[in-house]
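Take a look at the structure set out below.
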Amino acid sequence: MKYREFGKTGWEVSEVGLGTWALGSDAWGDVDENQALEVLEEAIDQGINFFDTADVYGDGTSEKRIAKVLQETDERIYVATKFGRRVDPHVSEGYNKESLERFLDRSLKNLGVDTIDLIQLHCPPPEVYYRPEIFEALEEFVEKGKIQYYGVSVEKVEEGLKAIEYPGLASVQIIFNMFRQRPADLFLDQCRKKNVAIIPRVPLASGLLTGKYGKDADFPENDHRNFNRNGEEFDVGETFAGVDFETGLEAVDRLEKVKPEGYSMAQMAIKWILSHDEISVVIPGAKSKQHVRDNARASDLPEMPPEVTREARDVYEELIKEQVHHRW
């Protein structure tokens, strides 16, 4: 496992981390506690030291499962959680210091810690990025010792560009993968200039970029790849990266043809992201120990051949861009 600097924090984090949405068991089918704990333990064994979670993943279940593993290891694990989605209705007016601190205290309890390494606003309404008092509240949480650093998880590039104007911001989490390439046009470089860490999420386009699914793929009723294909429950960009499923399969077929020897399709997708030096840590999810091992191995694979980079761009331009580029 290779490690990278995490922006202005001074942390050295594994370039492959672990996203733990699936370990909350509320949008990826059923994942029991033993299965989740095995995934977390295997991640640590593979040298992964960065876990990303949120207070709404299983209504706190993911955070609580991480807490159990933290209690059993001596390794330094950086935990980034997210908050704000508990605001109901989820509108800008519901964001204030009092509500955020209430959510923060709940996450502190769930994780069993006195200080959270990184707290992130969890894809708030766009207006929140234009309210300095929200970021002042985050600074107060740092001063109180409840958090070390704060960042944002955004839906759109424009939101990320606005967020990095706040000097205390440590990180931005954003969808960036072979099907969502817009951040590479401007955003990555702007973060580099401000020494803001970048956390690409949805790196495998909800599994599309693993190459494991065909047209007849059948997802469980409680899996967002079934119930959120048109954005029924949350932003459609979080499901298959906003790409039409059939179009995504066509794109994967083309990408398979340039997959380097010794790579899985998922490893190629992760390595493509890591080929951008501005990236701090990519956070693929996993529901099994084998998934963790396969994802972690991408870190140590050889550099991406130029023909893969060219084909990834051509596939994006010809098949994907029209669907997603202007939206996020």
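FYI, nothing fancy with the structure tokens labels: chains A, B, ... in order, residues from 1 per chain, ligands from 1 as they appear.
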Excluding same-chain residues fewer than 6 positions from Lys259 of chain A, what lies within 12 Å of it counting only C-alpha atoms, as a short mmCIF file (atom, residue, chain, number, x, y, z; two decimals) with N, CA and C atoms, in the first residue's frame?
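The result, written out as out-v9.cif:
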data_model
loop_
_atom_site.label_atom_id
_atom_site.label_comp_id
_atom_site.auth_asym_id
_atom_site.auth_seq_id
_atom_site.Cartn_x
_atom_site.Cartn_y
_atom_site.Cartn_z
N LEU A 209 -18.26 -0.20 -12.95
CA LEU A 209 -16.88 -0.25 -13.41
C LEU A 209 -16.10 -1.46 -12.87
N THR A 210 -16.81 -2.38 -12.23
CA THR A 210 -16.16 -3.65 -11.88
C THR A 210 -16.23 -4.63 -13.04
N GLY A 211 -17.13 -4.38 -13.99
CA GLY A 211 -17.30 -5.30 -15.11
C GLY A 211 -18.05 -6.58 -14.75
N VAL A 252 -18.14 0.00 -20.47
CA VAL A 252 -17.27 -0.97 -19.81
C VAL A 252 -16.75 -2.00 -20.83
N ASP A 253 -17.60 -2.41 -21.76
CA ASP A 253 -17.15 -3.34 -22.79
C ASP A 253 -15.96 -2.79 -23.56
N MET A 265 -10.97 -5.21 -13.74
CA MET A 265 -11.61 -3.98 -14.21
C MET A 265 -11.70 -2.95 -13.08
N ALA A 266 -12.05 -3.42 -11.89
CA ALA A 266 -12.15 -2.51 -10.74
C ALA A 266 -10.80 -1.88 -10.43
N GLN A 267 -9.75 -2.68 -10.47
CA GLN A 267 -8.41 -2.15 -10.19
C GLN A 267 -8.00 -1.12 -11.23
N MET A 268 -8.37 -1.34 -12.49
CA MET A 268 -8.06 -0.35 -13.51
C MET A 268 -8.79 0.95 -13.23
N ALA A 269 -10.05 0.85 -12.80
CA ALA A 269 -10.83 2.05 -12.50
C ALA A 269 -10.22 2.83 -11.34
N LYS A 271 -7.04 2.62 -10.29
CA LYS A 271 -5.72 3.10 -10.70
C LYS A 271 -5.82 4.32 -11.60
N TRP A 272 -6.86 4.38 -12.42
CA TRP A 272 -7.08 5.57 -13.26
C TRP A 272 -7.25 6.80 -12.39
N MET A 304 -0.53 3.27 -14.97
CA MET A 304 -1.48 3.07 -16.05
C MET A 304 -0.84 3.32 -17.42
N PRO A 305 -0.95 2.38 -18.35
CA PRO A 305 -0.42 2.60 -19.69
C PRO A 305 -1.15 3.75 -20.39
N PRO A 306 -0.46 4.50 -21.25
CA PRO A 306 -1.08 5.65 -21.93
C PRO A 306 -2.32 5.29 -22.73
N GLU A 307 -2.35 4.09 -23.31
CA GLU A 307 -3.51 3.74 -24.13
C GLU A 307 -4.78 3.62 -23.30
N VAL A 308 -4.64 3.26 -22.02
CA VAL A 308 -5.81 3.21 -21.14
C VAL A 308 -6.35 4.61 -20.91
N THR A 309 -5.46 5.54 -20.64
CA THR A 309 -5.87 6.92 -20.41
C THR A 309 -6.56 7.49 -21.65
N GLU A 311 -8.12 5.79 -24.08
CA GLU A 311 -9.41 5.16 -24.31
C GLU A 311 -10.44 5.61 -23.28
N ALA A 312 -10.02 5.81 -22.03
CA ALA A 312 -10.93 6.30 -21.01
C ALA A 312 -11.49 7.66 -21.40
#
Legend entry - Contacts of segment 292-302 of chain A within 7 Å, only C-alpha atoms, excl. fewer than 3 positions in-chain, as a PyMOL selection string: chain A and resi 1-2+15-16+39+42-43+46+267+270-271+286+288-289
Legend entry - Proximity to Gln71 of chain A - best of A:Leu37, A:Ile320, A:Leu169, A:Ile199, only C-alpha atoms: A:Leu37
Inset, instruction - Extract, using only C-alpha atoms, all DNA, RNA and protein residues at most 8 Å from Gly237 of chain A, discarding same-chain residues fewer than 4 positions from it, and format them as number ranges by chain. - result: A: 155, 231, 241-243, 328
Mind dumping the selected residues with N, CA and C atoms as a short mmCIF file (atom, residue, chain, number, x, y, z; two decimals), in the first residue's frame?
data_model
loop_
_atom_site.label_atom_id
_atom_site.label_comp_id
_atom_site.auth_asym_id
_atom_site.auth_seq_id
_atom_site.Cartn_x
_atom_site.Cartn_y
_atom_site.Cartn_z
N GLU A 155 -21.99 17.51 -4.42
CA GLU A 155 -22.54 16.89 -5.62
C GLU A 155 -21.91 17.49 -6.88
N GLY A 231 -33.21 8.79 -9.36
CA GLY A 231 -33.11 9.82 -8.33
C GLY A 231 -34.33 9.92 -7.43
N ALA A 241 -23.13 6.65 -10.89
CA ALA A 241 -22.52 7.93 -11.23
C ALA A 241 -23.41 8.77 -12.13
N GLY A 242 -24.70 8.46 -12.16
CA GLY A 242 -25.64 9.23 -12.98
C GLY A 242 -25.71 8.77 -14.42
N VAL A 243 -25.04 7.65 -14.74
CA VAL A 243 -24.99 7.15 -16.11
C VAL A 243 -26.09 6.11 -16.31
N TRP A 328 -23.15 17.85 -13.23
CA TRP A 328 -22.42 17.84 -11.96
C TRP A 328 -21.03 18.46 -12.07
#
Legend entry - Using only C-alpha atoms: which of A:Asn96, A:Gln173, A:Thr53, A:Gln323 has the shortest distance to Ile116 of chain A: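 Of the candidates, the smallest distance to Ile116 of chain A is held by A:Thr53.
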Among segment 74-312 of chain A, which residues carry a DSSP assignment of helix (DSSP H, G or I), reported as a compact mmCIF listing (two decimals) with C-alpha atoms, in the first residue's frame?
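So the final result, stored in result34.txt, reads:
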# COMPACT_ATOMS: atom_id res chain seq x y z
CA SER A 92 -30.60 25.34 3.87
CA GLU A 93 -32.60 26.92 6.68
CA GLY A 94 -32.24 23.76 8.74
CA LYS A 97 -24.73 25.69 14.64
CA GLU A 98 -27.17 24.10 17.09
CA SER A 99 -28.42 21.37 14.77
CA LEU A 100 -24.94 20.57 13.49
CA GLU A 101 -23.50 20.34 16.99
CA ARG A 102 -26.32 18.00 17.98
CA PHE A 103 -25.51 15.74 15.04
CA LEU A 104 -21.80 16.00 15.83
CA ASP A 105 -22.29 14.94 19.43
CA ARG A 106 -24.26 11.92 18.22
CA SER A 107 -21.41 10.90 15.90
CA LEU A 108 -18.87 11.32 18.68
CA LYS A 109 -20.93 8.91 20.77
CA ASN A 110 -21.44 6.47 17.90
CA LEU A 111 -17.71 6.38 17.13
CA PRO A 126 -26.21 24.65 -2.56
CA GLU A 127 -27.15 27.72 -0.53
CA VAL A 128 -25.21 26.41 2.48
CA TYR A 129 -21.89 27.03 0.72
CA TYR A 130 -22.74 30.73 0.62
CA PRO A 132 -20.11 31.87 6.14
CA GLU A 133 -21.72 31.33 9.54
CA ILE A 134 -21.90 27.59 8.87
CA PHE A 135 -18.15 27.42 8.31
CA GLU A 136 -17.60 29.63 11.35
CA ALA A 137 -19.54 27.04 13.35
CA LEU A 138 -17.19 24.34 12.05
CA GLU A 139 -14.24 26.43 13.19
CA GLU A 140 -15.83 26.62 16.64
CA PHE A 141 -16.08 22.82 16.75
CA VAL A 142 -12.34 22.68 16.05
CA GLU A 143 -11.67 25.16 18.88
CA VAL A 157 -17.91 20.92 -9.10
CA GLU A 158 -19.25 24.44 -8.57
CA GLU A 159 -20.04 23.64 -4.94
CA GLY A 160 -16.51 22.37 -4.43
CA LEU A 161 -15.01 25.50 -5.97
CA LYS A 162 -17.07 27.65 -3.62
CA ALA A 163 -16.19 25.56 -0.57
CA ARG A 182 -15.32 16.87 -15.18
CA PRO A 183 -13.35 17.51 -11.94
CA ALA A 184 -10.11 16.95 -13.90
CA ASP A 185 -10.82 20.00 -16.09
CA PHE A 187 -11.24 21.46 -9.91
CA LEU A 188 -8.32 19.17 -9.12
CA ASP A 189 -5.78 21.86 -9.91
CA GLN A 190 -7.57 24.47 -7.82
CA CYS A 191 -7.53 22.14 -4.82
CA ARG A 192 -3.83 21.49 -5.35
CA LYS A 193 -3.13 25.22 -5.30
CA LYS A 194 -4.96 25.58 -1.98
CA ALA A 205 -19.76 3.85 -10.45
CA SER A 206 -21.81 1.74 -8.01
CA GLY A 207 -20.21 -1.43 -9.34
CA LEU A 208 -20.63 -0.70 -13.05
CA LEU A 209 -16.88 -0.25 -13.41
CA THR A 210 -16.16 -3.65 -11.88
CA HIS A 224 -30.17 1.93 -4.28
CA ARG A 225 -29.14 0.49 -7.66
CA ASN A 226 -32.72 -0.73 -7.79
CA PHE A 227 -34.70 2.02 -6.05
CA VAL A 236 -29.25 10.29 -9.11
CA GLY A 237 -25.53 11.01 -9.56
CA GLU A 238 -24.84 8.76 -6.56
CA PHE A 240 -24.11 4.45 -11.30
CA ALA A 241 -22.52 7.93 -11.23
CA GLY A 242 -25.64 9.23 -12.98
CA PHE A 245 -27.10 1.49 -16.90
CA GLU A 246 -27.11 0.18 -20.49
CA THR A 247 -24.80 2.97 -21.66
CA GLY A 248 -22.47 2.18 -18.78
CA LEU A 249 -22.32 -1.47 -19.81
CA GLU A 250 -21.41 -0.45 -23.37
CA ALA A 251 -18.65 1.80 -22.02
CA VAL A 252 -17.27 -0.97 -19.81
CA ASP A 253 -17.15 -3.34 -22.79
CA ARG A 254 -14.87 -0.89 -24.57
CA LEU A 255 -12.71 -0.28 -21.52
CA GLU A 256 -12.28 -4.03 -20.98
CA MET A 265 -11.61 -3.98 -14.21
CA ALA A 266 -12.15 -2.51 -10.74
CA GLN A 267 -8.41 -2.15 -10.19
CA MET A 268 -8.06 -0.35 -13.51
CA ALA A 269 -10.83 2.05 -12.50
CA ILE A 270 -9.17 2.77 -9.15
CA LYS A 271 -5.72 3.10 -10.70
CA TRP A 272 -7.08 5.57 -13.26
CA ILE A 273 -8.21 7.81 -10.43
CA LEU A 274 -4.89 7.46 -8.60
CA LYS A 289 -12.82 -9.42 2.52
CA GLN A 290 -11.98 -10.33 -1.07
CA HIS A 291 -13.35 -7.01 -2.33
CA VAL A 292 -11.10 -5.23 0.15
CA ARG A 293 -8.03 -7.17 -0.93
CA ASP A 294 -8.71 -6.62 -4.62
CA ASN A 295 -9.27 -2.88 -4.18
CA ALA A 296 -6.20 -2.44 -1.98
CA ARG A 297 -3.99 -4.24 -4.51
CA ALA A 298 -4.64 -1.46 -7.04
CA SER A 299 -2.21 0.71 -5.08
CA ASP A 300 0.74 -1.55 -5.87
CA PRO A 306 -1.08 5.65 -21.93
CA GLU A 307 -3.51 3.74 -24.13
CA VAL A 308 -5.81 3.21 -21.14
CA THR A 309 -5.87 6.92 -20.41
CA ARG A 310 -6.62 7.71 -24.06
CA GLU A 311 -9.41 5.16 -24.31
CA ALA A 312 -10.93 6.30 -21.01
Legend entry - Surrounding residues of Asp32 of chain A excluding itself and chain neighbours under 6 positions, 12 Å, only C-alpha atoms, as number ranges by chain: A: 22-26, 38-39, 58, 61-62, 65, 287-288
Same residues, C-alpha atoms, output as a tab-separated table (two decimals), in the first residue's frame:
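Listing of result.tsv after writing:
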chain	number	residue	atom	x	y	z
A	22	ALA	CA	-22.61	-0.48	2.42
A	23	LEU	CA	-21.60	-1.42	5.97
A	24	GLY	CA	-24.59	0.49	7.30
A	25	SER	CA	-26.90	-1.92	5.43
A	26	ASP	CA	-29.48	0.64	4.34
A	38	GLU	CA	-14.64	-8.63	8.80
A	39	VAL	CA	-14.46	-6.04	6.02
A	58	GLY	CA	-27.88	2.82	8.68
A	61	THR	CA	-24.91	1.70	12.25
A	62	SER	CA	-21.81	2.22	10.10
A	65	ARG	CA	-19.39	-0.78	13.61
A	287	LYS	CA	-18.98	-6.05	1.18
A	288	SER	CA	-16.44	-8.86	1.49
Inset, instruction - Using DSSP on the backbone, list every residue of segment 4-222 of chain A that comes out as strand (DSSP E or B), and give them as a ChimeraX atom specification. - result: /A:4-5,12-14,16,18-19,28,50-52,78-83,116-122,147-153,171-175,177,180,197-201
